[in-house]
Amino acid sequence: MARKSPTKRKPGITTIQLRWLAHARSGDKGDTANVGLIALEPEYFPVLVKQVTAARVQRHFKGMVRSVDRYVLPNLNALNFLLHGALDGGGTISLKTDAQGKVYSTALLRMSIPVPAGVAKKGQSE
Amino acid sequence: MLKVSIAYFYGYKAVGTLVYSWPEAYDKAKAADRILRQRLKDLGLSFEQILTEFVGADATHGRLAGPASPDAPEVQLRIGVRAREKAPVDRFTREIAPLVLTGPPSVTGFAGGRPQVEEVVAYWPALIDRKEIEPGVKVEILKA
């Protein structure tokens, strides 16, 4: 897979894909996919809290989910997202390959966010 | 509150797959999907849901995966249907094989035969007020 370099936006700020800053794991409950986003380093967590909002995640998944809730778990440096209406009915009703929402995790890691250049550099060097 | 897990009958489903090879595997799979959907329409079959996925292009990440490469080595057409009645789902399972003969070329992956019609047992995880529940155990011995 091609590893795209961060692109310049304005001085000191670059955009970077979440894959360089976080782990993600996901699963299902009914027609809702549940995505956990866990900062790879404690210093990335405030950036995630600021940039990866419920509204941005909903835009990212436009046409794929009905609505998004976000929960902040500071003790884990993690965010938890509920993607409602993401699984074509969910469970045994769903006709999707990913009826259990297992790979909404990596789909979220495709999202790019603006970060301070230092963070982007550190994220990509790891 | 108590958790209650309710399973209930929710009709029938079947999933058919065909694999198209390079070159233009994705375009071939898309064409096959168009043909199949038109055929289902012409047969007057009614489904609650028809879902097409192109494995190798969009099955896991949808549109986020971006445009499919014309050089993809293969793409699997995966089309699923669901209906309350069994008959349209059963008819659907007979429409995959004809695509092999009359649809886009360089198609494979159909040696397993016709897709199976499955009963859908839907699951409803819910909460119920404790007060609504009378706890008890009932044992019934049934003779064969």
# chains A, B, ... in the order shown; residues from 1 in each chain; ligands from 1

$ select_by_dssp --residues "region 7-78 of chain A" --states "strand (DSSP E)" --output "PyMOL selection string"
chain A and resi 7-10+13-17+22-29+32-39+67-73+78

$ closest_atom_pairs --of "chain B" --to "chain A" --cutoff "6 Å" --atoms "only C-alpha atoms" --output "CSV"
residue,atom,partner,partner_atom,distance
B:His61,CA,A:Ala107,CA,5.5
B:Gly80,CA,A:Leu95,CA,5.7
B:Ala122,CA,A:Thr92,CA,5.6

$ write_last_selection --atoms "C-alpha atoms" --output "mmCIF file, in the first residue's frame"
data_model
loop_
_atom_site.group_PDB
_atom_site.id
_atom_site.type_symbol
_atom_site.label_atom_id
_atom_site.label_comp_id
_atom_site.auth_asym_id
_atom_site.auth_seq_id
_atom_site.Cartn_x
_atom_site.Cartn_y
_atom_site.Cartn_z
ATOM 1 C CA HIS B 61 -14.688 0.345 3.074
ATOM 2 C CA GLY B 80 -27.288 -10.795 -1.619
ATOM 3 C CA ALA B 122 -33.025 -12.114 13.508
#

$ residues_around --residues "Asp71 (chain B)" --least-positions-apart "3" --cutoff "10 Å" --atoms "only C-alpha atoms" --output "JSON, numbers by chain"
{"B": [21, 22, 23, 24, 25, 26, 68, 74]}

$ residues_around --residues "Asp58 (chain B)" --least-positions-apart "5" --cutoff "10 Å" --atoms "only C-alpha atoms" --output "VMD selection string"
chain B and resid 52 to 53 63 to 68 75

$ select_by_dssp --residues "chain A" --states "helix (DSSP H, G or I)" --output "number ranges by chain"
A: 18-20, 42-51, 54-60, 74-76, 104-109, 117-125

$ residues_around --residues "region 92-98 of chain B" --least-positions-apart "4" --cutoff "9 Å" --atoms "only C-alpha atoms" --output "list of chain:residue names"
B:Ala14, B:Val15, B:Gly16, B:Thr17, B:Leu18, B:Leu36, B:Arg39, B:Leu40, B:Leu45, B:Val81, B:Ala87, B:Pro88, B:Thr102, B:Gly103, B:Phe110, B:Gly113, B:Arg114, B:Pro115, B:Gln116, B:Val117

$ write_last_selection --atoms "N, CA and C atoms" --output "PDB file, in the first residue's frame"
ATOM      1  N   ALA B  14     -30.233 -15.124   0.538  1.00  0.00           N
ATOM      2  CA  ALA B  14     -29.235 -15.915  -0.186  1.00  0.00           C
ATOM      3  C   ALA B  14     -28.188 -14.946  -0.714  1.00  0.00           C
ATOM      4  N   VAL B  15     -26.968 -15.426  -0.804  1.00  0.00           N
ATOM      5  CA  VAL B  15     -25.867 -14.605  -1.311  1.00  0.00           C
ATOM      6  C   VAL B  15     -25.177 -15.371  -2.430  1.00  0.00           C
ATOM      7  N   GLY B  16     -25.091 -14.755  -3.594  1.00  0.00           N
ATOM      8  CA  GLY B  16     -24.406 -15.373  -4.727  1.00  0.00           C
ATOM      9  C   GLY B  16     -23.120 -14.635  -5.033  1.00  0.00           C
ATOM     10  N   THR B  17     -22.107 -15.372  -5.445  1.00  0.00           N
ATOM     11  CA  THR B  17     -20.836 -14.725  -5.791  1.00  0.00           C
ATOM     12  C   THR B  17     -20.299 -15.264  -7.119  1.00  0.00           C
ATOM     13  N   LEU B  18     -19.622 -14.382  -7.834  1.00  0.00           N
ATOM     14  CA  LEU B  18     -18.895 -14.755  -9.049  1.00  0.00           C
ATOM     15  C   LEU B  18     -17.609 -13.939  -9.055  1.00  0.00           C
ATOM     16  N   LEU B  36     -27.915  -8.765 -13.847  1.00  0.00           N
ATOM     17  CA  LEU B  36     -28.647  -9.590 -12.881  1.00  0.00           C
ATOM     18  C   LEU B  36     -29.818  -8.813 -12.277  1.00  0.00           C
ATOM     19  N   ARG B  39     -32.586  -8.543 -14.726  1.00  0.00           N
ATOM     20  CA  ARG B  39     -33.230  -9.848 -14.844  1.00  0.00           C
ATOM     21  C   ARG B  39     -34.204 -10.082 -13.673  1.00  0.00           C
ATOM     22  N   LEU B  40     -33.781  -9.753 -12.478  1.00  0.00           N
ATOM     23  CA  LEU B  40     -34.642  -9.929 -11.303  1.00  0.00           C
ATOM     24  C   LEU B  40     -35.887  -9.049 -11.431  1.00  0.00           C
ATOM     25  N   LEU B  45     -39.705 -10.168  -9.452  1.00  0.00           N
ATOM     26  CA  LEU B  45     -39.447 -10.624  -8.082  1.00  0.00           C
ATOM     27  C   LEU B  45     -39.349  -9.424  -7.149  1.00  0.00           C
ATOM     28  N   VAL B  81     -29.678 -11.133  -1.499  1.00  0.00           N
ATOM     29  CA  VAL B  81     -31.078 -10.705  -1.488  1.00  0.00           C
ATOM     30  C   VAL B  81     -31.745 -11.200  -0.214  1.00  0.00           C
ATOM     31  N   ALA B  87     -40.034 -17.863  -2.036  1.00  0.00           N
ATOM     32  CA  ALA B  87     -40.039 -18.065  -3.494  1.00  0.00           C
ATOM     33  C   ALA B  87     -39.096 -17.117  -4.252  1.00  0.00           C
ATOM     34  N   PRO B  88     -39.142 -15.798  -4.013  1.00  0.00           N
ATOM     35  CA  PRO B  88     -38.244 -14.929  -4.790  1.00  0.00           C
ATOM     36  C   PRO B  88     -36.765 -15.189  -4.498  1.00  0.00           C
ATOM     37  N   THR B 102     -24.021 -16.002 -20.198  1.00  0.00           N
ATOM     38  CA  THR B 102     -24.513 -14.897 -21.017  1.00  0.00           C
ATOM     39  C   THR B 102     -23.933 -13.543 -20.607  1.00  0.00           C
ATOM     40  N   GLY B 103     -23.211 -13.517 -19.501  1.00  0.00           N
ATOM     41  CA  GLY B 103     -22.698 -12.240 -18.991  1.00  0.00           C
ATOM     42  C   GLY B 103     -21.277 -11.983 -19.426  1.00  0.00           C
ATOM     43  N   PHE B 110     -17.653 -20.447  -9.646  1.00  0.00           N
ATOM     44  CA  PHE B 110     -19.044 -20.896  -9.517  1.00  0.00           C
ATOM     45  C   PHE B 110     -19.158 -22.407  -9.357  1.00  0.00           C
ATOM     46  N   GLY B 113     -21.727 -24.396  -7.122  1.00  0.00           N
ATOM     47  CA  GLY B 113     -23.138 -24.559  -7.472  1.00  0.00           C
ATOM     48  C   GLY B 113     -23.999 -23.412  -6.992  1.00  0.00           C
ATOM     49  N   ARG B 114     -25.284 -23.669  -6.988  1.00  0.00           N
ATOM     50  CA  ARG B 114     -26.276 -22.649  -6.678  1.00  0.00           C
ATOM     51  C   ARG B 114     -26.144 -22.170  -5.226  1.00  0.00           C
ATOM     52  N   PRO B 115     -26.329 -20.886  -4.982  1.00  0.00           N
ATOM     53  CA  PRO B 115     -26.292 -20.410  -3.578  1.00  0.00           C
ATOM     54  C   PRO B 115     -27.411 -21.065  -2.748  1.00  0.00           C
ATOM     55  N   GLN B 116     -27.180 -21.190  -1.466  1.00  0.00           N
ATOM     56  CA  GLN B 116     -28.178 -21.786  -0.579  1.00  0.00           C
ATOM     57  C   GLN B 116     -29.152 -20.715  -0.078  1.00  0.00           C
ATOM     58  N   VAL B 117     -30.422 -21.082  -0.025  1.00  0.00           N
ATOM     59  CA  VAL B 117     -31.400 -20.209   0.616  1.00  0.00           C
ATOM     60  C   VAL B 117     -31.311 -20.440   2.120  1.00  0.00           C
TER      61      VAL B 117
END

$ atom_distance --atom1 "CA of Ser67 (chain A)" --atom2 "CA of Phe81 (chain A)"
10.2 Å

$ atom_distance --atom1 "CA of Val121 (chain B)" --atom2 "CA of Tyr8 (chain B)"
5.4 Å

$ atom_distance --atom1 "CA of Phe9 (chain B)" --atom2 "CA of Val65 (chain A)"
25.5 Å

$ decode --residues "region 3-55 of chain B" --atoms "C-alpha atoms" --output "mmCIF file, in the first residue's frame"
data_model
loop_
_atom_site.group_PDB
_atom_site.id
_atom_site.type_symbol
_atom_site.label_atom_id
_atom_site.label_comp_id
_atom_site.auth_asym_id
_atom_site.auth_seq_id
_atom_site.Cartn_x
_atom_site.Cartn_y
_atom_site.Cartn_z
ATOM 1 C CA LYS B 3 -31.146 -8.001 29.323
ATOM 2 C CA VAL B 4 -33.345 -10.070 27.080
ATOM 3 C CA SER B 5 -32.155 -11.757 23.898
ATOM 4 C CA ILE B 6 -34.987 -12.316 21.492
ATOM 5 C CA ALA B 7 -34.601 -14.378 18.328
ATOM 6 C CA TYR B 8 -37.335 -14.274 15.724
ATOM 7 C CA PHE B 9 -38.059 -15.456 12.211
ATOM 8 C CA TYR B 10 -37.327 -12.776 9.625
ATOM 9 C CA GLY B 11 -37.727 -14.344 6.195
ATOM 10 C CA TYR B 12 -35.077 -15.692 3.832
ATOM 11 C CA LYS B 13 -31.809 -14.651 2.276
ATOM 12 C CA ALA B 14 -29.235 -15.915 -0.186
ATOM 13 C CA VAL B 15 -25.867 -14.605 -1.311
ATOM 14 C CA GLY B 16 -24.406 -15.373 -4.727
ATOM 15 C CA THR B 17 -20.836 -14.725 -5.791
ATOM 16 C CA LEU B 18 -18.895 -14.755 -9.049
ATOM 17 C CA VAL B 19 -15.265 -13.830 -9.613
ATOM 18 C CA TYR B 20 -14.146 -11.752 -12.622
ATOM 19 C CA SER B 21 -10.496 -11.644 -13.654
ATOM 20 C CA TRP B 22 -8.175 -9.007 -15.056
ATOM 21 C CA PRO B 23 -8.405 -6.948 -17.219
ATOM 22 C CA GLU B 24 -11.166 -4.517 -16.179
ATOM 23 C CA ALA B 25 -12.352 -6.995 -13.553
ATOM 24 C CA TYR B 26 -14.335 -4.341 -11.701
ATOM 25 C CA ASP B 27 -16.153 -3.131 -14.820
ATOM 26 C CA LYS B 28 -17.071 -6.704 -15.711
ATOM 27 C CA ALA B 29 -18.412 -7.348 -12.238
ATOM 28 C CA LYS B 30 -20.407 -4.114 -12.395
ATOM 29 C CA ALA B 31 -21.869 -5.083 -15.758
ATOM 30 C CA ALA B 32 -22.844 -8.495 -14.378
ATOM 31 C CA ASP B 33 -24.580 -6.811 -11.453
ATOM 32 C CA ARG B 34 -26.562 -4.581 -13.828
ATOM 33 C CA ILE B 35 -27.625 -7.557 -15.922
ATOM 34 C CA LEU B 36 -28.647 -9.590 -12.881
ATOM 35 C CA ARG B 37 -30.654 -6.753 -11.342
ATOM 36 C CA GLN B 38 -32.482 -6.146 -14.619
ATOM 37 C CA ARG B 39 -33.230 -9.848 -14.844
ATOM 38 C CA LEU B 40 -34.642 -9.929 -11.303
ATOM 39 C CA LYS B 41 -36.773 -6.928 -12.179
ATOM 40 C CA ASP B 42 -38.020 -8.503 -15.408
ATOM 41 C CA LEU B 43 -38.978 -11.628 -13.479
ATOM 42 C CA GLY B 44 -41.135 -9.412 -11.256
ATOM 43 C CA LEU B 45 -39.447 -10.624 -8.082
ATOM 44 C CA SER B 46 -39.817 -8.483 -5.033
ATOM 45 C CA PHE B 47 -37.172 -8.270 -2.329
ATOM 46 C CA GLU B 48 -36.894 -6.338 0.878
ATOM 47 C CA GLN B 49 -33.209 -5.759 0.116
ATOM 48 C CA ILE B 50 -30.745 -6.384 -2.699
ATOM 49 C CA LEU B 51 -27.155 -5.599 -1.773
ATOM 50 C CA THR B 52 -24.250 -5.667 -4.196
ATOM 51 C CA GLU B 53 -20.639 -5.587 -3.062
ATOM 52 C CA PHE B 54 -17.494 -5.784 -5.149
ATOM 53 C CA VAL B 55 -14.971 -7.706 -3.095
#
